[in-house]
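Q: Following this line is work.csv, made up of CSV, C-alpha atoms and all ligand atoms:
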chain,number,residue,atom,x,y,z
V,1,MET,CA,62.1,-17.2,65.7
V,2,SER,CA,64.0,-20.4,65.0
V,3,GLU,CA,67.6,-20.9,66.0
V,4,TRP,CA,68.1,-23.0,62.8
V,5,CYS,CA,69.0,-21.9,59.3
V,6,GLN,CA,65.7,-21.4,57.3
V,7,ASN,CA,67.0,-22.9,54.1
V,8,LYS,CA,65.6,-26.4,54.0
V,9,LYS,CA,68.5,-27.6,51.9
V,10,CYS,CA,71.1,-26.4,54.4
V,11,PRO,CA,72.1,-30.0,55.4
V,12,GLU,CA,72.9,-30.7,51.7
V,13,LYS,CA,76.0,-28.6,52.1
V,14,LYS,CA,77.3,-31.7,53.9
V,15,ASN,CA,79.9,-29.7,55.8
V,16,GLN,CA,82.0,-31.5,58.5
V,17,GLY,CA,80.5,-29.3,61.2
V,18,GLN,CA,77.0,-30.5,60.2
V,19,ILE,CA,77.6,-34.1,61.1
V,20,ARG,CA,75.9,-35.4,64.2
V,21,GLY,CA,75.0,-38.9,65.7
V,22,SER,CA,77.0,-41.9,66.6
V,23,LYS,CA,78.9,-44.4,64.4
V,24,GLY,CA,76.5,-46.2,62.1
V,25,ALA,CA,73.7,-43.7,62.6
V,26,LYS,CA,75.4,-40.4,61.6
V,27,TYR,CA,73.5,-37.6,59.8
V,28,TYR,CA,73.9,-34.0,58.5
V,29,GLN,CA,71.8,-31.3,60.2
V,30,SER,CA,71.1,-27.7,59.4
V,31,ASN,CA,73.5,-25.0,60.7
V,32,LYS,CA,72.3,-22.6,63.4
V,33,SER,CA,71.3,-19.2,62.0
V,34,SER,CA,74.0,-16.7,62.4
V,35,GLY,CA,73.9,-13.2,63.9
V,36,TYR,CA,74.6,-11.4,60.7
V,37,TYR,CA,72.3,-13.3,58.4
V,38,GLU,CA,69.6,-13.5,61.1
V,39,TYR,CA,67.4,-16.3,59.8
V,40,TRP,CA,70.1,-18.2,57.8
V,41,CYS,CA,73.6,-19.5,58.4
V,42,SER,CA,75.1,-17.9,55.3
V,43,MET,CA,74.5,-15.7,52.2
V,44,GLY,CA,74.2,-18.9,50.1
V,45,CYS,CA,71.4,-20.2,52.3
V,46,ARG,CA,69.7,-16.8,52.3
V,47,ASP,CA,69.9,-16.7,48.5
V,48,ALA,CA,68.4,-20.2,48.1
V,49,TRP,CA,65.6,-19.3,50.5
V,50,TRP,CA,65.0,-16.0,48.6
V,51,ILE,CA,64.8,-17.7,45.2
V,52,GLU,CA,62.2,-20.0,46.5
V,53,HIS,CA,60.1,-17.5,48.5
V,54,LYS,CA,60.5,-14.1,46.8
V,55,ASN,CA,57.0,-14.2,45.2
V,56,THR,CA,55.4,-14.9,48.6
V,57,CYS,CA,57.3,-12.0,50.1
V,58,ILE,CA,56.5,-9.5,47.5
V,59,GLN,CA,52.8,-10.4,47.6
V,60,ALA,CA,52.8,-10.0,51.4
V,61,VAL,CA,54.6,-6.6,51.3
V,62,GLY,CA,52.6,-5.4,48.2
V,63,PHE,CA,53.8,-3.8,45.0
V,64,ILE,CA,54.6,-0.1,44.8
V,65,ASP,CA,54.5,2.2,41.8
V,66,LYS,CA,57.4,4.0,40.2
V,67,GLN,CA,59.2,6.4,42.6
V,68,VAL,CA,60.6,9.7,41.5
V,69,ILE,CA,62.8,12.5,42.9
V,70,HIS,CA,62.0,15.9,41.5
V,71,LEU,CA,64.6,18.6,40.6
V,72,ALA,CA,63.9,20.6,43.8
V,73,ASP,CA,64.6,17.6,46.0
V,74,ALA,CA,67.6,16.2,44.0
V,75,TRP,CA,70.3,17.8,46.2
V,76,TYR,CA,73.0,15.8,47.9
V,77,VAL,CA,76.5,16.1,49.2
V,78,GLU,CA,79.2,13.9,47.8
V,79,TYR,CA,82.5,13.0,49.3
V,80,ARG,CA,85.2,12.3,46.8
V,81,TYR,CA,88.5,10.9,48.0
V,82,ASP,CA,91.4,12.4,46.2
V,83,TYR,CA,94.9,12.1,47.7
V,84,ARG,CA,96.0,15.1,45.7
V,85,ALA,CA,93.3,17.3,47.1
V,86,GLU,CA,94.9,18.4,50.3
V,87,GLY,CA,91.9,18.8,52.5
V,88,HIS,CA,89.9,20.9,50.0
V,89,ASP,CA,87.7,20.1,47.0
V,90,ARG,CA,86.7,16.8,48.6
V,91,TYR,CA,83.1,17.7,49.3
V,92,HIS,CA,80.6,18.7,46.6
V,93,LEU,CA,77.1,19.9,46.7
V,94,LYS,CA,75.4,18.3,43.7
V,95,ASN,CA,72.1,18.5,41.9
V,96,LEU,CA,72.7,16.9,38.5
V,97,LEU,CA,69.1,17.6,37.4
V,98,LYS,CA,69.9,21.2,37.8
V,99,GLY,CA,73.5,20.9,36.4
V,100,VAL,CA,75.1,21.9,39.7
V,101,ASP,CA,78.3,20.4,41.0
V,102,GLN,CA,79.8,22.9,43.5
V,103,SER,CA,82.8,22.5,45.7
V,104,ILE,CA,82.0,23.2,49.4
V,105,THR,CA,83.9,23.2,52.7
V,106,ARG,CA,84.0,20.3,55.1
V,107,GLU,CA,82.1,22.5,57.6
V,108,GLN,CA,79.3,22.8,55.1
V,109,ALA,CA,79.4,19.2,54.1
V,110,GLN,CA,79.4,17.6,57.5
V,111,THR,CA,77.6,17.9,60.9
V,112,PRO,CA,79.7,19.0,63.9
V,113,GLU,CA,79.4,15.4,65.2
V,114,GLN,CA,80.7,13.9,61.9
V,115,ILE,CA,83.7,16.3,62.0
V,116,ALA,CA,84.3,15.5,65.7
V,117,ASN,CA,84.2,11.7,65.0
V,118,GLU,CA,86.7,12.1,62.1
V,119,ASN,CA,84.2,10.3,59.7
V,120,TRP,CA,85.6,12.0,56.6
V,121,TRP,CA,83.3,10.1,54.2
V,122,TYR,CA,80.0,10.9,56.1
V,123,THR,CA,78.0,13.9,54.9
V,124,ILE,CA,74.8,15.7,55.8
V,125,SER,CA,71.5,14.3,54.8
V,126,ASP,CA,69.8,15.1,51.4
V,127,ALA,CA,67.3,17.3,53.2
V,128,GLN,CA,70.2,19.3,54.8
V,129,ALA,CA,71.9,19.5,51.4
V,130,LYS,CA,68.7,21.1,50.0
V,131,GLU,CA,68.8,23.7,52.9
V,132,LEU,CA,72.4,24.4,52.2
V,133,ALA,CA,71.6,25.0,48.5
V,134,VAL,CA,69.0,27.6,49.6
V,135,THR,CA,71.5,29.2,52.0
V,136,LEU,CA,74.1,29.4,49.2
V,137,GLY,CA,71.5,30.9,46.8
V,138,LEU,CA,71.6,27.9,44.5
V,139,ALA,CA,67.9,27.1,45.1
V,140,SER,CA,64.9,28.9,46.5
V,201,ZN,ZN,72.2,-22.8,56.1
Show me this structure written as structure tokens.
Ligand SMILES: [Zn+2]
A:
Amino acid sequence: MSEWCQNKKCPEKKNQGQIRGSKGAKYYQSNKSSGYYEYWCSMGCRDAWWIEHKNTCIQAVGFIDKQVIHLADAWYVEYRYDYRAEGHDRYHLKNLLKGVDQSITREQAQTPEQIANENWWYTISDAQAKELAVTLGLAS
């Protein structure tokens, strides 16, 4: 892994912070890669790299076929923020393929950890949502 931004055109940004060398022999250099962007210094450099190398990447990873989620697995819990809904009606168990959009309690929508951590917008996994649907008699 290189400590330098992987966009070969990074020095062309010609930012003040990229200047090195002594008077008469100055030059622009690549930025160092940043923690967040990992291999690049910025989103712009990552995008430039991606445009140039996306075909190589997709060939290396391989193509996949169309993916589907069937009706029986289409359950999920949605958190809807509504300042008017005083604590209730914020969580919904949904399966739009089945035409279900049911209000559920916070205790049903979240794990005990999520409730303890006050992460209002987190919800149980889709697999847990499916189990909840069975428990509530909405699915078998
Ligand atoms: Zn860069």
Q: Hey, what's within 10 Å of Glu38 (chain V) if we count all atoms listed in the file and toss same-chain stuff fewer than 6 positions away? As a list in words, please?
A: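 The filter keeps Met1, Ser2, Glu3, Trp4, Cys5, Gln6, Lys32 and Arg46 of chain V.
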Q: Looking at all atoms listed in the file, which of V:Val77, V:Ile64, V:Ile19, V:Ile51 is the one that sits closest to Leu132 (chain V)?
A: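 Going through V:Val77, V:Ile64, V:Ile19, V:Ile51 one by one, the smallest distance to Leu132 (chain V) is for V:Val77.
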Q: Write out as a tab-separated table (two decimals) with C-alpha atoms, keeping the file's coordinate frame which residues come within 12 Å of Leu138 (chain V) when counting all atoms listed in the file, dropping same-chain ones fewer than 5 positions away.
A:
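Saved the output as result-v9.tsv:
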chain	number	residue	atom	x	y	z
V	72	ALA	CA	63.90	20.60	43.80
V	75	TRP	CA	70.30	17.80	46.20
V	93	LEU	CA	77.10	19.90	46.70
V	94	LYS	CA	75.40	18.30	43.70
V	95	ASN	CA	72.10	18.50	41.90
V	98	LYS	CA	69.90	21.20	37.80
V	99	GLY	CA	73.50	20.90	36.40
V	100	VAL	CA	75.10	21.90	39.70
V	101	ASP	CA	78.30	20.40	41.00
V	102	GLN	CA	79.80	22.90	43.50
V	129	ALA	CA	71.90	19.50	51.40
V	130	LYS	CA	68.70	21.10	50.00
V	131	GLU	CA	68.80	23.70	52.90
V	132	LEU	CA	72.40	24.40	52.20
V	133	ALA	CA	71.60	25.00	48.50
Q: Do you have, as JSON lines, the list of residues of chain V lying at most 7 Å from ligand ZN 201 (chain V), each with its nearest atom pair and that distance in Å to one decimal, counting all atoms listed in the file and ordered by chain then number?
A:
{"residue": "V:Cys5", "atom": "CA", "partner": "V:ZN201", "partner_atom": "ZN", "distance": 4.6}
{"residue": "V:Gln6", "atom": "CA", "partner": "V:ZN201", "partner_atom": "ZN", "distance": 6.8}
{"residue": "V:Asn7", "atom": "CA", "partner": "V:ZN201", "partner_atom": "ZN", "distance": 5.6}
{"residue": "V:Cys10", "atom": "CA", "partner": "V:ZN201", "partner_atom": "ZN", "distance": 4.1}
{"residue": "V:Ser30", "atom": "CA", "partner": "V:ZN201", "partner_atom": "ZN", "distance": 6.0}
{"residue": "V:Asn31", "atom": "CA", "partner": "V:ZN201", "partner_atom": "ZN", "distance": 5.3}
{"residue": "V:Ser33", "atom": "CA", "partner": "V:ZN201", "partner_atom": "ZN", "distance": 7.0}
{"residue": "V:Trp40", "atom": "CA", "partner": "V:ZN201", "partner_atom": "ZN", "distance": 5.3}
{"residue": "V:Cys41", "atom": "CA", "partner": "V:ZN201", "partner_atom": "ZN", "distance": 4.3}
{"residue": "V:Ser42", "atom": "CA", "partner": "V:ZN201", "partner_atom": "ZN", "distance": 5.7}
{"residue": "V:Cys45", "atom": "CA", "partner": "V:ZN201", "partner_atom": "ZN", "distance": 4.7}
Q: One decimal, Å: what's the distance from CA of His70 (chain V) over to CA of Gln110 (chain V), could you say?
A: 23.7 Å
Q: Quick one: residues within 12 Å of (88.7, 14.7, 58.9) (file frame), counting all atoms listed in the file, please, as a list of chain:residue names.
A: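 The residues near that point, listed by chain and number, are V:Tyr79, V:Tyr81, V:Glu86, V:Gly87, V:His88, V:Arg90, V:Tyr91, V:Thr105, V:Arg106, V:Glu107, V:Ala109, V:Gln110, V:Thr111, V:Pro112, V:Glu113, V:Gln114, V:Ile115, V:Ala116, V:Asn117, V:Glu118, V:Asn119, V:Trp120, V:Trp121, V:Tyr122, V:Thr123.
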Q: Between CA of Lys9 (chain V) and CA of Glu52 (chain V), what is the spacing in Å?
A: 11.3 Å
Q: To one decimal place, how far is CA of Gln29 (chain V) from CA of Asn55 (chain V) in Å?
A: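 If I compute the distance from CA of Gln29 (chain V) to CA of Asn55 (chain V), I get 27.1 Å.
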Q: Which one is closest to Glu12 (chain V): V:Asp73, V:Asp82, V:Gly44, V:Trp50? Count all atoms listed in the file.
A: V:Gly44
Q: Rank V:Ala139, V:Lys8, V:Asp89, V:Tyr76 by their smallest atom-to-atom distance to Asp47 (chain V), using all atoms listed in the file, and report the top residue only.
A: V:Lys8
